[in-house]
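**Q** As input, take model22.cif (mmCIF, C-alpha atoms and all ligand atoms):
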```
data_entry
loop_
_atom_site.label_atom_id
_atom_site.label_comp_id
_atom_site.auth_asym_id
_atom_site.auth_seq_id
_atom_site.Cartn_x
_atom_site.Cartn_y
_atom_site.Cartn_z
CA MET I 768 11.96 10.92 8.99
CA LYS I 769 9.63 13.62 7.69
CA TYR I 770 6.72 13.31 10.11
CA GLY I 771 8.73 12.39 13.20
CA GLY I 772 9.57 9.20 15.04
CA ASN I 773 9.13 10.24 18.64
CA THR I 774 6.07 9.08 20.56
CA SER I 775 3.22 11.20 21.93
CA CYS I 776 4.04 14.57 23.51
CA VAL I 777 2.27 17.88 22.82
CA GLU I 778 3.07 21.22 24.43
CA LEU I 779 0.31 23.77 24.99
CA VAL I 780 1.35 27.34 25.74
CA LEU I 781 -1.49 29.31 27.37
CA GLY I 782 -0.23 32.72 28.35
CA ASP I 783 2.42 32.03 30.99
CA ARG I 784 1.19 28.48 31.63
CA ILE I 785 2.58 25.32 30.07
CA ILE I 786 0.57 22.12 29.75
CA ILE I 787 2.24 18.97 28.45
CA LEU I 788 -0.01 16.31 26.97
CA ASP I 789 1.73 12.96 27.56
CA ALA I 790 5.34 12.12 28.26
CA GLY I 791 6.24 10.00 25.25
CA THR I 792 9.77 10.10 23.89
CA GLY I 793 9.13 13.56 22.44
CA VAL I 794 9.25 15.01 25.95
CA ARG I 795 13.05 14.63 26.04
CA MET I 796 13.60 17.38 23.48
CA LEU I 797 10.79 19.46 24.95
CA GLY I 798 12.44 19.31 28.39
CA ASN I 799 15.68 20.73 27.01
CA CYS I 800 13.72 23.42 25.21
CA LEU I 801 11.80 24.39 28.36
CA LEU I 802 15.01 24.72 30.35
CA ASN I 803 16.45 26.95 27.63
CA ARG I 804 13.32 29.08 27.89
CA GLU I 805 13.81 29.16 31.69
CA ILE I 806 10.30 27.86 32.30
CA LYS I 807 10.09 26.04 35.66
CA ASN I 808 6.42 25.11 36.20
CA TYR I 809 4.51 22.59 34.16
CA LEU I 810 1.41 20.46 34.28
CA PHE I 811 1.27 17.05 32.61
CA LEU I 812 -2.13 15.74 31.56
CA GLN I 813 -1.75 12.04 30.79
CA SER I 814 -4.04 10.35 28.28
CA HIS I 815 -2.94 7.06 29.82
CA THR I 816 0.24 5.26 30.78
CA HIS I 817 1.16 2.85 28.01
CA TRP I 818 4.89 2.95 27.30
CA ASP I 819 4.65 5.21 24.26
CA HIS I 820 3.07 7.90 26.50
CA ILE I 821 5.42 7.72 29.51
CA ASN I 822 8.80 6.45 28.28
CA GLY I 823 10.20 9.93 27.82
CA PHE I 824 9.61 10.94 31.43
CA PRO I 825 12.93 9.60 32.84
CA PHE I 826 14.71 11.61 30.12
CA PHE I 827 12.82 14.86 30.80
CA ALA I 828 15.76 16.92 32.07
CA PRO I 829 13.69 19.26 34.31
CA VAL I 830 12.95 16.37 36.72
CA TYR I 831 16.60 16.57 37.76
CA CYS I 832 16.39 20.30 38.61
CA GLU I 833 15.60 21.40 42.17
CA ASP I 834 13.83 24.63 41.21
CA VAL I 835 11.26 22.94 38.96
CA ASN I 836 7.62 22.30 39.93
CA ILE I 837 5.71 19.60 38.10
CA GLU I 838 2.14 18.44 38.51
CA ILE I 839 0.96 15.25 36.83
CA ARG I 840 -2.71 14.38 36.39
CA ALA I 841 -4.30 11.19 35.08
CA GLY I 842 -7.88 9.99 34.88
CA HIS I 843 -7.61 6.22 34.46
CA LEU I 844 -5.74 5.06 37.55
CA SER I 845 -7.67 6.24 40.60
CA THR I 846 -8.87 2.70 41.34
CA CYS I 847 -5.63 0.92 40.57
CA GLY I 848 -2.78 2.52 42.42
CA GLY I 849 -2.60 5.99 40.91
CA ILE I 850 -0.30 7.79 38.51
CA LYS I 851 2.62 8.10 40.94
CA LYS I 852 2.90 4.36 41.36
CA VAL I 853 2.87 3.74 37.61
CA LEU I 854 5.41 6.44 36.74
CA SER I 855 7.76 5.44 39.53
CA SER I 856 7.54 1.75 38.59
CA GLN I 857 9.26 2.45 35.25
CA MET I 858 12.15 4.11 37.10
CA CYS I 859 13.68 1.32 39.14
CA GLN I 860 16.61 -1.02 38.74
CA PRO I 861 17.42 -2.99 36.68
CA THR I 862 15.44 -1.17 33.97
CA PHE I 863 16.54 2.36 34.93
CA PRO I 864 19.49 3.38 37.11
CA VAL I 865 18.01 6.45 38.84
CA PRO I 866 15.21 5.64 41.33
CA PHE I 867 12.16 7.86 41.16
CA GLU I 868 12.71 8.97 44.80
CA GLU I 869 15.99 10.63 43.80
CA LEU I 870 14.45 13.07 41.32
CA SER I 871 15.19 16.65 42.33
CA ALA I 872 12.09 18.45 41.06
CA ASN I 873 9.07 19.07 43.24
CA ILE I 874 6.53 16.65 41.71
CA ASN I 875 2.87 16.45 42.70
CA PHE I 876 0.34 13.91 41.51
CA HIS I 877 -3.39 14.12 41.08
CA ASP I 878 -5.68 11.26 40.12
CA PHE I 879 -9.19 11.94 38.92
CA VAL I 880 -11.93 9.98 37.17
CA ALA I 881 -12.23 10.48 33.40
CA GLY I 882 -15.39 12.49 32.80
CA GLU I 883 -14.61 15.08 35.49
CA CYS I 884 -14.09 18.77 34.72
CA PHE I 885 -11.63 21.03 36.53
CA SER I 886 -10.27 24.57 36.51
CA LEU I 887 -6.55 25.23 36.45
CA GLY I 888 -6.68 28.92 37.28
CA ASP I 889 -5.67 31.79 34.96
CA GLY I 890 -8.88 31.16 33.00
CA ILE I 891 -7.94 27.62 31.95
CA GLU I 892 -10.81 25.12 32.01
CA VAL I 893 -10.44 21.39 31.38
CA LYS I 894 -13.11 18.88 30.45
CA THR I 895 -12.36 15.18 30.23
CA ALA I 896 -13.98 12.03 28.87
CA PRO I 897 -13.21 8.31 29.11
CA LEU I 898 -11.72 6.76 25.98
CA VAL I 899 -12.06 3.23 24.63
CA HIS I 900 -8.59 1.73 25.06
CA PRO I 901 -7.03 -1.29 26.79
CA ASP I 902 -6.30 -0.27 30.43
CA GLY I 903 -8.40 2.89 29.99
CA GLY I 904 -7.64 6.36 28.77
CA THR I 905 -8.72 9.98 29.07
CA GLY I 906 -9.59 12.51 26.40
CA TYR I 907 -9.11 16.21 27.20
CA ARG I 908 -10.63 19.49 26.13
CA ILE I 909 -8.61 22.52 27.23
CA GLU I 910 -10.26 25.93 26.96
CA TYR I 911 -8.43 29.22 27.32
CA ASP I 912 -9.12 32.75 26.08
CA GLY I 913 -12.02 31.64 23.88
CA VAL I 914 -10.01 28.86 22.20
CA SER I 915 -10.51 25.12 22.65
CA VAL I 916 -8.08 22.30 21.90
CA CYS I 917 -8.97 18.64 22.31
CA TYR I 918 -6.53 15.79 22.78
CA VAL I 919 -8.17 12.47 22.02
CA THR I 920 -5.69 9.61 21.86
CA ASP I 921 -5.54 6.58 22.26
CA THR I 922 -9.08 5.47 21.48
CA GLU I 923 -10.92 2.91 19.38
CA HIS I 924 -14.14 3.55 17.52
CA THR I 925 -16.98 1.21 16.64
CA PRO I 926 -17.52 1.34 12.87
CA GLY I 927 -20.87 2.88 12.02
CA THR I 928 -21.34 4.51 15.45
CA LEU I 929 -19.81 7.82 16.50
CA ASP I 930 -18.54 7.84 20.11
CA GLN I 931 -20.95 10.15 21.97
CA ASN I 932 -18.42 10.91 24.72
CA ILE I 933 -16.00 12.20 22.10
CA LEU I 934 -18.68 14.11 20.18
CA ASP I 935 -19.62 15.95 23.38
CA LEU I 936 -15.98 16.64 24.24
CA ILE I 937 -14.98 18.05 20.84
CA LYS I 938 -18.16 20.02 20.09
CA ASP I 939 -17.24 23.18 18.12
CA ALA I 940 -13.57 22.80 19.12
CA ASP I 941 -10.95 24.86 17.30
CA LEU I 942 -8.50 21.97 17.05
CA VAL I 943 -8.90 18.24 17.65
CA ILE I 944 -5.78 16.08 17.96
CA TYR I 945 -7.08 12.57 17.31
CA ASP I 946 -5.79 8.99 17.30
CA CYS I 947 -5.37 8.19 13.60
CA THR I 948 -3.09 5.18 13.94
CA TYR I 949 -4.75 3.26 11.11
CA THR I 950 -6.70 3.85 7.95
CA ASP I 951 -10.26 2.58 7.56
CA GLU I 952 -8.87 0.00 5.14
CA GLU I 953 -6.36 -1.32 7.70
CA TYR I 954 -8.63 -1.18 10.74
CA PRO I 955 -10.36 -4.60 10.38
CA LYS I 956 -6.96 -6.25 11.00
CA PHE I 957 -6.58 -4.40 14.30
CA VAL I 958 -9.96 -4.59 16.00
CA GLY I 959 -9.50 -4.51 19.77
CA TRP I 960 -6.03 -2.88 19.65
CA GLY I 961 -7.47 0.39 20.96
CA HIS I 962 -6.85 2.74 18.04
CA SER I 963 -8.82 4.62 15.42
CA THR I 964 -8.51 6.00 11.88
CA TRP I 965 -8.13 9.37 10.17
CA GLN I 966 -11.41 8.82 8.41
CA GLU I 967 -13.18 8.37 11.77
CA GLY I 968 -11.46 11.54 12.99
CA ILE I 969 -12.98 13.47 10.09
CA ARG I 970 -16.42 11.95 10.69
CA LEU I 971 -16.27 12.94 14.36
CA CYS I 972 -15.03 16.48 13.67
CA ARG I 973 -17.66 17.10 11.00
CA ALA I 974 -20.48 15.77 13.20
CA ALA I 975 -19.31 17.85 16.18
CA GLY I 976 -18.68 21.05 14.23
CA ALA I 977 -14.96 21.06 15.10
CA LYS I 978 -12.81 23.30 12.93
CA ARG I 979 -9.51 21.44 12.49
CA LEU I 980 -8.26 17.87 12.81
CA ALA I 981 -4.64 17.01 13.54
CA ILE I 982 -4.03 13.46 12.34
CA PHE I 983 -1.96 12.12 15.23
CA HIS I 984 -0.38 8.94 16.69
CA HIS I 985 1.05 7.54 13.48
CA ASP I 986 1.55 3.82 13.13
CA PRO I 987 5.34 3.37 13.18
CA SER I 988 5.06 1.06 10.18
CA HIS I 989 3.74 3.97 8.08
CA ASP I 990 6.68 5.54 6.29
CA ASP I 991 6.90 9.05 4.86
CA VAL I 992 5.48 8.00 1.48
CA PHE I 993 2.47 6.44 3.20
CA MET I 994 1.98 9.49 5.44
CA ASP I 995 2.19 11.80 2.39
CA GLN I 996 -0.59 9.76 0.85
CA ILE I 997 -2.73 10.08 3.99
CA ALA I 998 -2.10 13.85 4.01
CA THR I 999 -3.29 14.16 0.41
CA GLU I 1000 -6.34 11.94 0.85
CA ALA I 1001 -7.37 13.55 4.14
CA ALA I 1002 -7.09 17.10 2.76
CA ARG I 1003 -9.17 16.04 -0.23
CA GLU I 1004 -11.80 14.52 2.07
CA TRP I 1005 -11.98 17.51 4.43
CA SER I 1006 -10.08 20.79 4.20
CA GLY I 1007 -9.87 20.97 8.02
CA ALA I 1008 -7.67 17.86 8.25
CA PHE I 1009 -3.87 17.84 8.28
CA VAL I 1010 -1.19 15.38 9.35
CA ALA I 1011 0.64 16.32 12.54
CA ARG I 1012 4.41 16.57 12.13
CA GLU I 1013 6.97 16.55 14.89
CA GLY I 1014 7.98 20.10 15.82
CA THR I 1015 5.01 21.79 14.17
CA GLY I 1016 3.72 24.84 16.03
CA ILE I 1017 0.13 25.96 15.64
CA GLU I 1018 -1.11 29.32 16.82
CA LEU I 1019 -4.79 29.49 17.72
CA SER I 1020 -6.67 32.71 18.34
CA ASN I 1021 -10.23 33.14 19.50
CA GLU I 1022 -11.17 34.11 15.96
CA ALA I 1023 -10.45 30.60 14.62
CA ALA I 1024 -7.55 28.33 13.95
CA GLN I 1025 -5.05 29.98 11.65
CA PRO I 1026 -4.97 28.60 8.12
CA MET I 1027 -2.13 26.22 7.32
CA SER I 1028 -0.20 28.90 5.46
CA ASN I 1029 0.05 30.83 8.72
CA LEU I 1030 1.29 27.96 10.83
CA LYS I 1031 4.32 29.08 12.78
CA ALA I 1032 7.50 27.10 12.65
CA ALA I 1033 8.21 25.28 15.90
CA VAL I 1034 10.24 27.18 18.44
CA CYS I 1035 11.97 24.02 19.66
ZN ZN M 1 -2.12 3.14 24.43
ZN ZN M 2 -0.24 5.27 22.22
#
```
Could I get this file's structure written as structure tokens?

**A**
Amino acid sequence: MKYGGNTSCVELVLGDRIIILDAGTGVRMLGNCLLNREIKNYLFLQSHTHWDHINGFPFFAPVYCEDVNIEIRAGHLSTCGGIKKVLSSQMCQPTFPVPFEELSANINFHDFVAGECFSLGDGIEVKTAPLVHPDGGTGYRIEYDGVSVCYVTDTEHTPGTLDQNILDLIKDADLVIYDCTYTDEEYPKFVGWGHSTWQEGIRLCRAAGAKRLAIFHHDPSHDDVFMDQIATEAAREWSGAFVAREGTGIELSNEAAQPMSNLKAAVC
């Protein structure tokens, strides 16, 4: 209730450009918000396509608007059918009444291989890295106006070894949003499930010189009391760590991430 029950969806606002990181259930409310703001062009960067990262897409209201342009990129499907096939396969009867072909928005798809870098124009640069997750996954680093934000979920670590791909991706980043599904204490029960811990997030950020860690992708069995405890322990362990909460807005400038006291309330 306090930290949010929707699944993965993060909005990045870079000047006039909007990037949406994953289409989990949180994208439903974001879609309504974007329409209210009269924004009509968006780019989705998908970490991967497990249900909790795509289930909101059929409920993203802009897909039913003719004057909307959407581009969707993914880095884990170029050898197995592509992102269009996966997204459209969740929108067919009898599991969903509106076929993908009937969506009104102009939707373009782009598959790449995790590890590639690309420019998005307007000074936006994207670096990517493969993640350790069942069915694959892609971590992103988005750079704009001297600020860097990394989105690294879902991924599993190997205890005692820092993932070099992630270290390279998040080097000196202003903000790292990291898969902290479990705690180090819980992790041994979930080896092979494809997720990491908040403690590993701190170890990675410290080693890479990153400035802030957003503890992200909460285990749904963790209630508010448990999440409060993680917030306290993580802040004690490293002052750069905080627990992500649904609706939180964070303003980053090229001077450094703003301190928590300056976090802006969400606009949606
Ligand atoms: Zn997953
Ligand atoms: Zn997930």

**Q** Rank nothing, just name the residue among I:Asn799, I:Thr922, I:Gln857, I:Gln966 nearest to ligand ZN 1 (chain M), using only C-alpha atoms and all ligand atoms.

**A** I:Thr922

**Q** List as a PDB file with C-alpha atoms, in the frame of the given file the protein and nucleic acid residues near I:Val865, meaning an atom at most 12 Å away when all atoms listed in the file are counted, but skip any in the same chain fewer than 4 places from it.

**A**
```pdb
ATOM      1  CA  PRO I 825      12.930   9.600  32.840  1.00  0.00           C
ATOM      2  CA  PHE I 826      14.710  11.610  30.120  1.00  0.00           C
ATOM      3  CA  VAL I 830      12.950  16.370  36.720  1.00  0.00           C
ATOM      4  CA  TYR I 831      16.600  16.570  37.760  1.00  0.00           C
ATOM      5  CA  SER I 855       7.760   5.440  39.530  1.00  0.00           C
ATOM      6  CA  SER I 856       7.540   1.750  38.590  1.00  0.00           C
ATOM      7  CA  GLN I 857       9.260   2.450  35.250  1.00  0.00           C
ATOM      8  CA  MET I 858      12.150   4.110  37.100  1.00  0.00           C
ATOM      9  CA  CYS I 859      13.680   1.320  39.140  1.00  0.00           C
ATOM     10  CA  GLN I 860      16.610  -1.020  38.740  1.00  0.00           C
ATOM     11  CA  PRO I 861      17.420  -2.990  36.680  1.00  0.00           C
ATOM     12  CA  GLU I 869      15.990  10.630  43.800  1.00  0.00           C
ATOM     13  CA  LEU I 870      14.450  13.070  41.320  1.00  0.00           C
ATOM     14  CA  SER I 871      15.190  16.650  42.330  1.00  0.00           C
TER      15      SER I 871
END
```

**Q** Rounded to one decimal in Å, what is the spacing between atom CA of I:Tyr918 and atom CA of I:Gly1014?

**A**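 Interatomic distance, atom CA of I:Tyr918 to atom CA of I:Gly1014: 16.7 Å.
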
**Q** Using all atoms listed in the file, which of the listed residues (I:Ile806, I:Leu934, I:Cys947, I:Ala872) sits closest to ligand ZN 2 (chain M)?

**A**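 Looking only at the distances to ligand ZN 2 (chain M), the closest residue turns out to be I:Cys947.
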
**Q** Please identify the residues whose atoms come within 8 Å of ligand ZN 1 (chain M), using all atoms listed in the file, and report them as a ChimeraX atom specification.

**A** /I:815-820,900-901,904,920-922,961-962

**Q** In Å, how far is it from atom CA of I:Ala1008 to atom CA of I:Ile969?

**A**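 Here the two named atoms are 7.1 Å from each other.
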
**Q** Do you know which residues are at most 7 Å from stretch 768-785 of chain I counting only C-alpha atoms, after dropping those on the same chain fewer than 3 positions away, and could you put them as a list of chain:residue names?

**A**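 What passes the distance filter is I:Leu788, I:Asp789, I:Ala790, I:Gly791, I:Thr792, I:Gly793, I:Val794, I:Tyr809, I:Leu810, I:Asp819, I:His820, I:Tyr911, I:His984, I:Asp991, I:Arg1012, I:Glu1013.
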
**Q** Provide the atom CA of I:Asp941 to atom CA of I:Leu802 distance in Å, to one decimal place.

**A** 29.1 Å

**Q** Show me, as a CSV table (one decimal) with C-alpha atoms, in the coordinates of the input, the residues that have an atom within 10 Å of I:Asp939 when counting only C-alpha atoms, minus same-chain residues fewer than 4 positions from it.

**A**
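The resulting file, result01.csv, is reproduced below:
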```
chain,number,residue,atom,x,y,z
I,915,SER,CA,-10.5,25.1,22.6
I,916,VAL,CA,-8.1,22.3,21.9
I,934,LEU,CA,-18.7,14.1,20.2
I,935,ASP,CA,-19.6,16.0,23.4
I,943,VAL,CA,-8.9,18.2,17.6
I,972,CYS,CA,-15.0,16.5,13.7
I,973,ARG,CA,-17.7,17.1,11.0
I,974,ALA,CA,-20.5,15.8,13.2
I,975,ALA,CA,-19.3,17.8,16.2
I,976,GLY,CA,-18.7,21.0,14.2
I,977,ALA,CA,-15.0,21.1,15.1
I,978,LYS,CA,-12.8,23.3,12.9
I,979,ARG,CA,-9.5,21.4,12.5
```

**Q** When distances are computed from only C-alpha atoms and all ligand atoms, which of I:Thr1015, I:Ser814, I:Gln931, I:Asn803 shows the smallest separation from ligand ZN 2 (chain M)?

**A**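 Using only C-alpha atoms and all ligand atoms, the shortest distance to ligand ZN 2 (chain M) belongs to I:Ser814.
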
**Q** Find the residues with any atom within 8 Å of (-8.7, 8.2, 32.3); use all atoms listed in the file and the coordinates as given in the file, and write the answer as number ranges by chain.

**A** I: 814-815, 841-844, 879-882, 896-898, 903-906

**Q** Given the selection you just returned, output its residues as a file containing C-alpha atoms, formatted as a tab-separated table (two decimals), keeping the file's coordinate frame.

**A**
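Below you can see part_11.tsv, which holds the result:
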```tsv
chain	number	residue	atom	x	y	z
I	814	SER	CA	-4.04	10.35	28.28
I	815	HIS	CA	-2.94	7.06	29.82
I	841	ALA	CA	-4.30	11.19	35.08
I	842	GLY	CA	-7.88	9.99	34.88
I	843	HIS	CA	-7.61	6.22	34.46
I	844	LEU	CA	-5.74	5.06	37.55
I	879	PHE	CA	-9.19	11.94	38.92
I	880	VAL	CA	-11.93	9.98	37.17
I	881	ALA	CA	-12.23	10.48	33.40
I	882	GLY	CA	-15.39	12.49	32.80
I	896	ALA	CA	-13.98	12.03	28.87
I	897	PRO	CA	-13.21	8.31	29.11
I	898	LEU	CA	-11.72	6.76	25.98
I	903	GLY	CA	-8.40	2.89	29.99
I	904	GLY	CA	-7.64	6.36	28.77
I	905	THR	CA	-8.72	9.98	29.07
I	906	GLY	CA	-9.59	12.51	26.40
```

**Q** Give as a list of chain:residue names every residue, naming chains and numbers as the document does, that has an atom within 7 Å of (-12.4, 7.8, 20.2), counting all atoms listed in the file.

**A**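 Those residues, ordered by chain and then number, are I:Leu898, I:Val899, I:Val919, I:Thr922, I:Glu923, I:His924, I:Asp930, I:Ile933, I:Ser963.
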
**Q** So that I can see what lies close to I:Phe885, please list as a compact mmCIF listing (two decimals) with C-alpha atoms, in the coordinates of the input the residues with an atom at most 9 Å from it, counting only C-alpha atoms and leaving out residues fewer than 6 positions away in the same chain.

**A**
```
# COMPACT_ATOMS: atom_id res chain seq x y z
CA ILE I 891 -7.94 27.62 31.95
CA GLU I 892 -10.81 25.12 32.01
CA VAL I 893 -10.44 21.39 31.38
CA LYS I 894 -13.11 18.88 30.45
CA THR I 895 -12.36 15.18 30.23
```
